Each structure stands twice: as C-alpha cells, then as structure tokens.
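Visitor: I am sharing upload08.txt, which consists of compact mmCIF, C-alpha atoms and all ligand atoms:
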# COMPACT_ATOMS: atom_id res chain seq x y z
CA MET A 1 0.00 0.00 0.00
CA SER A 2 1.32 3.47 -0.86
CA ASN A 3 2.05 5.94 1.95
CA PRO A 4 -1.27 7.65 2.88
CA ILE A 5 0.37 10.68 4.54
CA PHE A 6 -0.08 14.04 2.81
CA VAL A 7 2.00 16.63 4.66
CA ALA A 8 0.31 20.04 4.92
CA LEU A 9 2.84 22.66 3.79
CA ASP A 10 1.08 25.49 5.59
CA THR A 11 3.36 28.42 4.94
CA PRO A 12 3.12 31.42 2.60
CA ILE A 13 6.89 31.21 1.91
CA LEU A 14 7.76 29.15 -1.15
CA ASP A 15 11.34 28.39 -0.12
CA ASN A 16 10.19 27.13 3.27
CA ALA A 17 7.58 24.89 1.65
CA LEU A 18 10.19 23.48 -0.75
CA GLU A 19 12.64 22.84 2.06
CA LEU A 20 10.00 21.13 4.20
CA ALA A 21 8.80 18.96 1.32
CA LYS A 22 12.34 17.87 0.48
CA SER A 23 13.08 17.12 4.13
CA VAL A 24 10.27 14.56 4.36
CA GLU A 25 10.63 13.01 0.87
CA GLY A 26 10.40 9.24 1.04
CA HIS A 27 8.28 9.31 4.20
CA VAL A 28 5.10 10.93 2.85
CA GLY A 29 2.91 10.00 -0.11
CA GLY A 30 1.82 13.49 -1.12
CA LEU A 31 1.98 17.24 -0.48
CA LYS A 32 -0.95 19.43 0.56
CA LEU A 33 -1.00 23.10 -0.39
CA GLY A 34 -3.66 25.27 1.21
CA LEU A 35 -5.00 28.77 1.12
CA GLU A 36 -2.06 30.54 2.71
CA PHE A 37 0.37 29.00 0.22
CA PHE A 38 -1.88 29.49 -2.82
CA CYS A 39 -2.80 33.10 -1.98
CA ALA A 40 0.87 33.98 -1.64
CA ASN A 41 2.37 31.94 -4.49
CA GLY A 42 -0.45 31.07 -6.93
CA HIS A 43 0.11 28.78 -9.91
CA HIS A 44 3.83 29.48 -9.96
CA GLY A 45 4.21 28.16 -6.42
CA VAL A 46 2.28 24.99 -7.21
CA HIS A 47 4.45 24.35 -10.29
CA GLU A 48 7.60 24.72 -8.18
CA ILE A 49 6.35 22.24 -5.54
CA GLN A 50 5.24 19.83 -8.29
CA LYS A 51 8.87 19.50 -9.41
CA ILE A 52 9.45 17.34 -6.32
CA GLY A 53 7.36 14.70 -8.05
CA LEU A 54 4.74 13.86 -5.40
CA PRO A 55 0.95 14.11 -5.90
CA ILE A 56 -0.45 17.55 -5.01
CA PHE A 57 -3.56 18.06 -2.87
CA LEU A 58 -4.82 21.59 -3.55
CA ASP A 59 -6.87 22.41 -0.47
CA LEU A 60 -8.78 25.53 -1.53
CA LYS A 61 -12.07 24.64 0.23
CA LEU A 62 -14.14 26.27 -2.51
CA HIS A 63 -17.51 27.52 -1.26
CA ASP A 64 -19.60 29.87 -3.41
CA ILE A 65 -22.43 29.81 -5.93
CA PRO A 66 -22.18 26.92 -8.43
CA ASN A 67 -21.08 29.10 -11.36
CA THR A 68 -18.24 30.71 -9.41
CA VAL A 69 -16.98 27.42 -7.99
CA ALA A 70 -17.07 25.75 -11.42
CA LYS A 71 -15.07 28.63 -12.96
CA ALA A 72 -12.51 28.48 -10.13
CA MET A 73 -12.18 24.74 -10.70
CA GLN A 74 -11.63 25.29 -14.44
CA ALA A 75 -8.92 27.84 -13.59
CA ILE A 76 -6.92 25.29 -11.57
CA ASN A 77 -7.33 22.33 -13.94
CA VAL A 78 -4.09 23.24 -15.68
CA LEU A 79 -2.30 22.38 -12.40
CA GLU A 80 -3.66 18.80 -12.54
CA PRO A 81 -4.04 18.43 -8.76
CA ALA A 82 -4.63 14.90 -7.44
CA ILE A 83 -7.19 16.18 -4.89
CA VAL A 84 -9.21 19.41 -4.51
CA THR A 85 -11.56 20.37 -1.66
CA VAL A 86 -14.94 22.11 -1.78
CA HIS A 87 -17.24 22.77 1.19
CA ALA A 88 -20.07 20.21 1.12
CA SER A 89 -22.32 22.78 2.83
CA GLY A 90 -22.22 24.73 -0.46
CA GLY A 91 -24.96 22.34 -1.54
CA ARG A 92 -25.64 19.67 -4.10
CA ALA A 93 -25.71 21.86 -7.23
CA MET A 94 -22.42 23.50 -6.28
CA MET A 95 -20.77 20.11 -5.77
CA GLU A 96 -22.20 18.70 -9.03
CA ASP A 97 -20.87 21.65 -10.99
CA ALA A 98 -17.50 21.49 -9.22
CA LYS A 99 -17.09 17.83 -10.13
CA ALA A 100 -18.23 18.41 -13.71
CA ALA A 101 -15.64 21.19 -14.08
CA ALA A 102 -12.74 19.22 -12.56
CA GLY A 103 -10.10 17.38 -14.54
CA ILE A 104 -10.59 13.67 -15.11
CA ASN A 105 -7.71 12.68 -12.78
CA THR A 106 -8.66 15.04 -9.94
CA LYS A 107 -10.53 13.73 -6.93
CA VAL A 108 -13.01 16.30 -5.65
CA VAL A 109 -13.82 15.87 -1.95
CA GLY A 110 -16.38 17.68 0.19
CA VAL A 111 -15.40 19.14 3.56
CA THR A 112 -18.16 18.05 5.96
CA LEU A 113 -17.44 19.55 9.38
CA LEU A 114 -14.09 21.23 10.06
CA THR A 115 -11.99 19.35 12.59
CA SER A 116 -11.57 22.63 14.52
CA LEU A 117 -15.28 22.56 15.45
CA ASP A 118 -16.97 20.63 18.24
CA GLN A 119 -20.57 20.15 19.31
CA ARG A 120 -20.73 23.54 20.99
CA ASP A 121 -19.44 25.35 17.88
CA MET A 122 -22.01 23.50 15.78
CA THR A 123 -24.82 24.78 17.95
CA SER A 124 -23.47 28.33 17.74
CA ILE A 125 -23.61 28.28 13.93
CA GLY A 126 -27.05 26.73 13.85
CA TYR A 127 -26.26 23.12 12.94
CA ASN A 128 -28.52 20.54 14.53
CA GLY A 129 -27.43 17.16 15.79
CA SER A 130 -23.98 15.75 16.49
CA PRO A 131 -20.78 15.88 14.44
CA HIS A 132 -21.60 12.28 13.41
CA ASP A 133 -25.04 13.32 12.10
CA GLN A 134 -23.56 16.24 10.18
CA VAL A 135 -20.78 14.17 8.62
CA GLU A 136 -23.19 11.40 7.60
CA ARG A 137 -25.68 13.86 6.13
CA LEU A 138 -23.01 15.63 4.08
CA ALA A 139 -21.32 12.34 3.10
CA ASN A 140 -24.62 11.20 1.60
CA LEU A 141 -25.10 14.55 -0.16
CA SER A 142 -21.51 14.49 -1.51
CA ALA A 143 -22.06 10.96 -2.86
CA GLU A 144 -25.36 11.99 -4.50
CA ALA A 145 -23.62 14.97 -6.10
CA GLY A 146 -21.03 12.66 -7.68
CA LEU A 147 -18.00 13.71 -5.63
CA ASP A 148 -15.20 11.22 -5.01
CA GLY A 149 -15.25 11.47 -1.23
CA ILE A 150 -15.25 13.68 1.82
CA VAL A 151 -13.05 15.31 4.42
CA CYS A 152 -13.98 14.46 8.03
CA SER A 153 -12.31 13.85 11.35
CA GLY A 154 -11.06 10.46 12.47
CA ASN A 155 -13.96 10.31 14.92
CA GLU A 156 -16.44 9.96 12.08
CA VAL A 157 -14.50 8.23 9.31
CA GLY A 158 -15.55 4.72 10.39
CA ALA A 159 -19.25 5.60 10.30
CA ALA A 160 -18.86 7.52 7.02
CA HIS A 161 -17.15 4.51 5.47
CA LYS A 162 -20.17 2.36 6.37
CA VAL A 163 -22.59 4.67 4.53
CA TRP A 164 -20.27 5.19 1.53
CA LYS A 165 -18.39 1.94 0.89
CA ASP A 166 -16.26 3.07 -2.05
CA GLY A 167 -15.81 6.69 -0.94
CA TYR A 168 -12.43 8.39 -0.70
CA PHE A 169 -11.84 9.61 2.85
CA VAL A 170 -9.47 12.45 3.65
CA VAL A 171 -8.78 12.81 7.37
CA PRO A 172 -7.03 15.82 8.96
CA GLY A 173 -6.91 16.81 12.63
CA LEU A 174 -4.42 14.01 13.35
CA ARG A 175 -2.18 14.01 16.36
CA PRO A 176 0.30 11.38 17.54
CA ALA A 177 -0.46 10.17 21.08
CA ASN A 178 0.16 13.10 23.47
CA GLY A 179 0.60 15.55 20.54
CA LYS A 180 -0.45 19.20 21.00
CA ALA A 181 -3.99 19.71 19.66
CA GLY A 182 -3.58 23.45 18.96
CA ASP A 183 -6.75 24.72 17.26
CA GLN A 184 -8.00 21.21 16.42
CA LYS A 185 -10.92 19.88 18.48
CA ARG A 186 -11.79 16.50 16.96
CA THR A 187 -8.45 14.69 16.88
CA VAL A 188 -7.38 11.05 16.66
CA THR A 189 -4.01 9.38 16.03
CA PRO A 190 -2.91 8.70 12.44
CA ARG A 191 -3.05 4.95 13.12
CA ALA A 192 -6.62 5.08 14.46
CA ALA A 193 -7.78 7.04 11.40
CA ARG A 194 -6.11 4.59 9.04
CA ASP A 195 -7.62 1.60 10.87
CA ASP A 196 -11.06 3.22 10.54
CA GLY A 197 -10.76 3.53 6.76
CA ALA A 198 -9.03 6.85 6.00
CA SER A 199 -7.67 6.94 2.43
CA VAL A 200 -5.50 10.02 3.07
CA LEU A 201 -3.96 11.18 6.36
CA VAL A 202 -3.41 14.96 6.37
CA ILE A 203 -0.66 15.91 8.81
CA GLY A 204 0.71 19.41 9.28
CA ARG A 205 2.24 20.75 12.47
CA PRO A 206 3.10 17.38 14.08
CA ILE A 207 5.63 17.14 11.21
CA THR A 208 6.24 20.70 10.03
CA ALA A 209 6.60 22.29 13.49
CA ALA A 210 8.82 19.49 14.81
CA GLU A 211 12.46 20.25 15.48
CA ASN A 212 13.33 17.56 12.96
CA PRO A 213 10.51 17.12 10.41
CA ASN A 214 12.22 14.12 8.81
CA SER A 215 12.34 12.12 12.03
CA ALA A 216 8.78 13.23 12.96
CA ALA A 217 7.51 11.97 9.59
CA ARG A 218 9.45 8.74 9.96
CA SER A 219 8.14 8.05 13.44
CA ILE A 220 4.52 8.69 12.37
CA GLU A 221 5.05 6.48 9.31
CA ALA A 222 6.34 3.73 11.60
CA THR A 223 3.04 3.71 13.56
CA LEU A 224 0.99 2.91 10.46
O1 LIG A 301 -9.41 20.23 4.26
C1 LIG A 301 -8.50 20.06 5.09
O2 LIG A 301 -7.43 19.57 4.76
C2 LIG A 301 -8.81 20.33 6.50
C3 LIG A 301 -10.14 20.14 6.89
C4 LIG A 301 -10.46 20.14 8.26
O3 LIG A 301 -11.61 19.90 8.65
N1 LIG A 301 -9.47 20.38 9.15
C5 LIG A 301 -8.17 20.63 8.78
O4 LIG A 301 -7.33 20.82 9.67
N2 LIG A 301 -7.85 20.67 7.44
C6 LIG A 301 -6.46 21.00 7.03
O5 LIG A 301 -5.57 20.04 7.54
C7 LIG A 301 -4.36 20.65 7.99
C8 LIG A 301 -4.17 20.30 9.45
O6 LIG A 301 -2.98 20.83 9.92
P1 LIG A 301 -2.39 20.45 11.36
O7 LIG A 301 -3.45 20.73 12.37
O8 LIG A 301 -1.20 21.35 11.48
O9 LIG A 301 -2.02 18.97 11.29
C9 LIG A 301 -4.48 22.13 7.71
O10 LIG A 301 -3.80 22.40 6.50
C10 LIG A 301 -5.96 22.37 7.55
O11 LIG A 301 -6.24 23.38 6.60
Write the structure described by the file as structure tokens, please.
Guide:
Amino acid sequence: MSNPIFVALDTPILDNALELAKSVEGHVGGLKLGLEFFCANGHHGVHEIQKIGLPIFLDLKLHDIPNTVAKAMQAINVLEPAIVTVHASGGRAMMEDAKAAAGINTKVVGVTLLTSLDQRDMTSIGYNGSPHDQVERLANLSAEAGLDGIVCSGNEVGAAHKVWKDGYFVVPGLRPANGKAGDQKRTVTPRAARDDGASVLVIGRPITAAENPNSAARSIEATL
C-alpha cells in the first residue's frame, strides 16, 4: 500500500515549503497546499512544488455559488491536482458543478465539518445534531452529487465509510499520542484514522513544526 500521509505545507513562503517537502521526501505519499500557500504563491508556487514529483492536494475549500466554484475549478485544472476540496455545505448543485468542471484525474472531496469545530461550535452556527449526524448527512449529499469522497475527522471516518463503501476519505486533525492539539478539536491518532478507513492522512504541524521534520515523519510512518 502506498504511503497515505499528505503533509500540509502550511506556509506562505515558497522556499520554506520546498525545504520542508524535500526534508520529508520518502516518508510521505503526497503534499498538501492550502489557502495561505496558494494566496501567496499562486500557480507558480504549485508548479515549483510539483517539481518534487509527489501528488499535489490543492486544499482551496471552494464555497460559493455553483457558477463561481465551477469557474474556479476550471482555472486550476491546468495544475492537474490529485485532490481538490470544496465545502459540502455549499450544496448539491455546487458540488455537481465542481465535479463536472474538474479534470478527469482530480478527486473532488467535500469538507463536511471542520476538525476545529466541536458540538458547541455546531450549535453556535445553527447546525442541529452531532458531528456524526452532520458528517453522515453531508457524506450522503456528496455521494449523491457525484463527488469522489469527503473530508472528516477520524472520529467519524468509520461511520462515514459504512454509509459510503467506495468513498475516498481524507482525514485531517491528526495528532500522535500526546501531541499538542492546537486549534484542532476532533483529533485522533494517524493509526486510528487509518484503521477506521481513511484513504489520506493529512498531517501538518506534528511534522512541520517538529524540530526535525524528517524524524517526525518517519516516526509517524512507523506507527501505520
Ligand atoms: O481540508 C482540510 O485539509 C482540512 C479540513 C479540516 O476539517 N481540518 C483541517 O485541519 N484541514 C487542514 O488540515 C491541515 C491540518 O494541519 P495540522 O493541524 O497542522 O495537522 C491544515 O492544512 C488544515 O487546513
């Protein structure tokens, strides 16, 4: 099985992202570039990171009216990302149009409930039910809309897998045992997420903020 770890290169500085990516080469299966990197470096930055030769997960979390999201998707097709995120709460039509606009080799996945939110946050933004209910509801909607999979926390990935057998499951909010949670509220270990059916393990600070990112990546890899 190929390495499921995608390291989140969460920095606006291209040279830092390149250095980090090179330091963990061989111990991760892919590279995730998010909003802070893309806003600062755009297509040029993605092309530079692509030279390393690993699959690119472009985490832009698109969330707008269907026409705008579809046009944004068309504008990034030239980058041929392996994975792109949209917010599942943008609705079925938005997700259908996003998938229709994406390149044939790009997996489009719907973010269900951010891993930085817990039950209390859900209530404050008007969502009913538990994180499990929300993830299941949006997993079903993402499947109906023709997406490839979802993003959810490791707490829900097992249940989501049961309702969507051949879905593609991206799981962030991962922390090694005793790791600092930071702003993440629904965390599990990388191993637990993998055992529950995660297809991709998104790991940022436990690797990138470590004194030695290479040995952090290696020790997480060894737990899988
Ligand atoms: O779509 C994501 O990747 C994502 C969704 C989510 O619910 N939670 C979440 O943390 N992420 C991303 O996963 C990464 C987690 O980083 P760390 O908390 O540093 O491991 C960040 O790049 C987030 O943008």
Visitor: Taking all atoms listed in the file into account, which residues are within 8 Å of ligand LIG 301 (chain A), as an mmCIF file with C-alpha atoms, in the coordinates of the input?
Guide:
data_model
loop_
_atom_site.group_PDB
_atom_site.id
_atom_site.type_symbol
_atom_site.label_atom_id
_atom_site.label_comp_id
_atom_site.auth_asym_id
_atom_site.auth_seq_id
_atom_site.Cartn_x
_atom_site.Cartn_y
_atom_site.Cartn_z
ATOM 1 C CA ALA A 8 0.310 20.040 4.920
ATOM 2 C CA LEU A 9 2.840 22.660 3.790
ATOM 3 C CA ASP A 10 1.080 25.490 5.590
ATOM 4 C CA LYS A 32 -0.950 19.430 0.560
ATOM 5 C CA LEU A 33 -1.000 23.100 -0.390
ATOM 6 C CA GLY A 34 -3.660 25.270 1.210
ATOM 7 C CA LEU A 35 -5.000 28.770 1.120
ATOM 8 C CA ASP A 59 -6.870 22.410 -0.470
ATOM 9 C CA LEU A 60 -8.780 25.530 -1.530
ATOM 10 C CA LYS A 61 -12.070 24.640 0.230
ATOM 11 C CA THR A 85 -11.560 20.370 -1.660
ATOM 12 C CA VAL A 111 -15.400 19.140 3.560
ATOM 13 C CA THR A 112 -18.160 18.050 5.960
ATOM 14 C CA LEU A 113 -17.440 19.550 9.380
ATOM 15 C CA LEU A 114 -14.090 21.230 10.060
ATOM 16 C CA THR A 115 -11.990 19.350 12.590
ATOM 17 C CA SER A 116 -11.570 22.630 14.520
ATOM 18 C CA VAL A 151 -13.050 15.310 4.420
ATOM 19 C CA CYS A 152 -13.980 14.460 8.030
ATOM 20 C CA SER A 153 -12.310 13.850 11.350
ATOM 21 C CA VAL A 170 -9.470 12.450 3.650
ATOM 22 C CA VAL A 171 -8.780 12.810 7.370
ATOM 23 C CA PRO A 172 -7.030 15.820 8.960
ATOM 24 C CA GLY A 173 -6.910 16.810 12.630
ATOM 25 C CA LEU A 174 -4.420 14.010 13.350
ATOM 26 C CA ARG A 175 -2.180 14.010 16.360
ATOM 27 C CA ALA A 181 -3.990 19.710 19.660
ATOM 28 C CA GLY A 182 -3.580 23.450 18.960
ATOM 29 C CA ASP A 183 -6.750 24.720 17.260
ATOM 30 C CA GLN A 184 -8.000 21.210 16.420
ATOM 31 C CA VAL A 202 -3.410 14.960 6.370
ATOM 32 C CA ILE A 203 -0.660 15.910 8.810
ATOM 33 C CA GLY A 204 0.710 19.410 9.280
ATOM 34 C CA ARG A 205 2.240 20.750 12.470
ATOM 35 C CA PRO A 206 3.100 17.380 14.080
ATOM 36 C CA ILE A 207 5.630 17.140 11.210
ATOM 37 C CA THR A 208 6.240 20.700 10.030
#
Visitor: Nearest to Leu224 of chain A among A:Gly197, A:Pro190, A:Pro176, A:Gly129, with distances taken over all atoms listed in the file: which residue is it?
Guide: A:Pro190
Visitor: Would you write out, as a tab-separated table, a table of all residues in segment 65-125 of chain A that have an atom no more than 6 Å from an atom of segment 132-148 of chain A, listing for each the closest atom pair and the distance in Å to one decimal, considering only C-alpha atoms and ordering rows by chain and rising residue number?
Guide:
residue	atom	partner	partner_atom	distance
A:Arg92	CA	A:Ala145	CA	5.5
A:Met95	CA	A:Ala145	CA	5.9
A:Glu96	CA	A:Ala145	CA	5.0
A:Lys107	CA	A:Asp148	CA	5.6
A:Val108	CA	A:Asp148	CA	5.6
A:Val109	CA	A:Asp148	CA	5.7
A:Thr112	CA	A:Val135	CA	5.4
Visitor: Hey, can you spit out that residue selection with C-alpha atoms as a short mmCIF file (atom, residue, chain, number, x, y, z; two decimals), keeping the file's coordinate frame?
Guide:
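Output (result-v5.cif):
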data_model
loop_
_atom_site.label_atom_id
_atom_site.label_comp_id
_atom_site.auth_asym_id
_atom_site.auth_seq_id
_atom_site.Cartn_x
_atom_site.Cartn_y
_atom_site.Cartn_z
CA ARG A 92 -25.64 19.67 -4.10
CA MET A 95 -20.77 20.11 -5.77
CA GLU A 96 -22.20 18.70 -9.03
CA LYS A 107 -10.53 13.73 -6.93
CA VAL A 108 -13.01 16.30 -5.65
CA VAL A 109 -13.82 15.87 -1.95
CA THR A 112 -18.16 18.05 5.96
#
Visitor: Quick one: which segment 95-207 of chain A residues come within 10 Å of segment 73-79 of chain A, and what is the nearest atom pair for each with the distance in Å to one decimal, counting all atoms listed in the file, rows ordered by chain and ascending number, as a tab-separated table?
Guide:
residue	atom	partner	partner_atom	distance
A:Asp97	CA	A:Met73	CA	9.2
A:Ala98	CA	A:Met73	CA	6.4
A:Lys99	CA	A:Met73	CA	8.5
A:Ala100	CA	A:Met73	CA	9.3
A:Ala101	CA	A:Gln74	CA	5.7
A:Ala102	CA	A:Met73	CA	5.9
A:Gly103	CA	A:Asn77	CA	5.7
A:Ile104	CA	A:Asn77	CA	9.3
A:Asn105	CA	A:Asn77	CA	9.7
A:Thr106	CA	A:Asn77	CA	8.4
A:Val108	CA	A:Met73	CA	9.9
Visitor: Of the residues A:His63, A:Lys185, A:His27, A:Lys180, which is the one nearest to Ala210 of chain A, using all atoms listed in the file?
Guide: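 Looking only at the distances to Ala210 of chain A, the closest residue turns out to be A:Lys180.
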Visitor: I'd like the interatomic distance between atom CA of Ile220 of chain A and atom CA of Glu80 of chain A, to a tenth of an Å.
Guide: 28.1 Å
Visitor: Between A:Gly167, A:Gly45, A:Pro213, A:Gly149, which residue has the minimum interatomic distance to Val86 of chain A, considering all atoms listed in the file?
Guide: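 Distance minimum relative to Val86 of chain A lands on A:Gly149.
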Visitor: Go ahead and find all residues with at least one atom no further than 8 Å from (10.4, 18.8, -4.0) in the file's coordinates, using all atoms listed in the file; report them as an MDAnalysis selection string.
Guide: chainID A and resid 18:19 21:22 25 48:54
Visitor: Mind giving me the straight-line distance from atom CA of Ser130 of chain A to atom CA of Thr189 of chain A in Å, one decimal?
Guide: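 These two atoms are separated by 21.0 Å.
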Visitor: Have a look at A:Leu31, A:Phe6, A:Asn214, A:Ile150 and name the one nearest to Ser89 of chain A; count all atoms listed in the file.
Guide: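 The answer is A:Ile150, which sits nearest to Ser89 of chain A.
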Visitor: Suppose you want the space between atom CA of Tyr168 of chain A and atom CA of Glu221 of chain A; what is it in Å?
Guide: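 We find that atom CA of Tyr168 of chain A and atom CA of Glu221 of chain A lie 20.2 Å from each other.
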Visitor: Skipping near chain neighbours, those fewer than 6 positions away, what residues fall within 10 Å of Arg194 of chain A using all atoms listed in the file, listed as a PyMOL selection string?
Guide: chain A and resi 4-5+154+157-158+169+171+200-201+224
Visitor: Of the residues A:Arg186, A:Ala17, A:Gly90, A:Ala70, which is the one nearest to Gln119 of chain A, using all atoms listed in the file?
Guide: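 Selected residue with least distance to Gln119 of chain A: A:Arg186.
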Visitor: Nearest to Ser23 of chain A: which of A:Ala93, A:Asp196, A:Val7, A:Glu36 is it, counting all atoms listed in the file?
Guide: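 Closest to Ser23 of chain A of all the choices is A:Val7.
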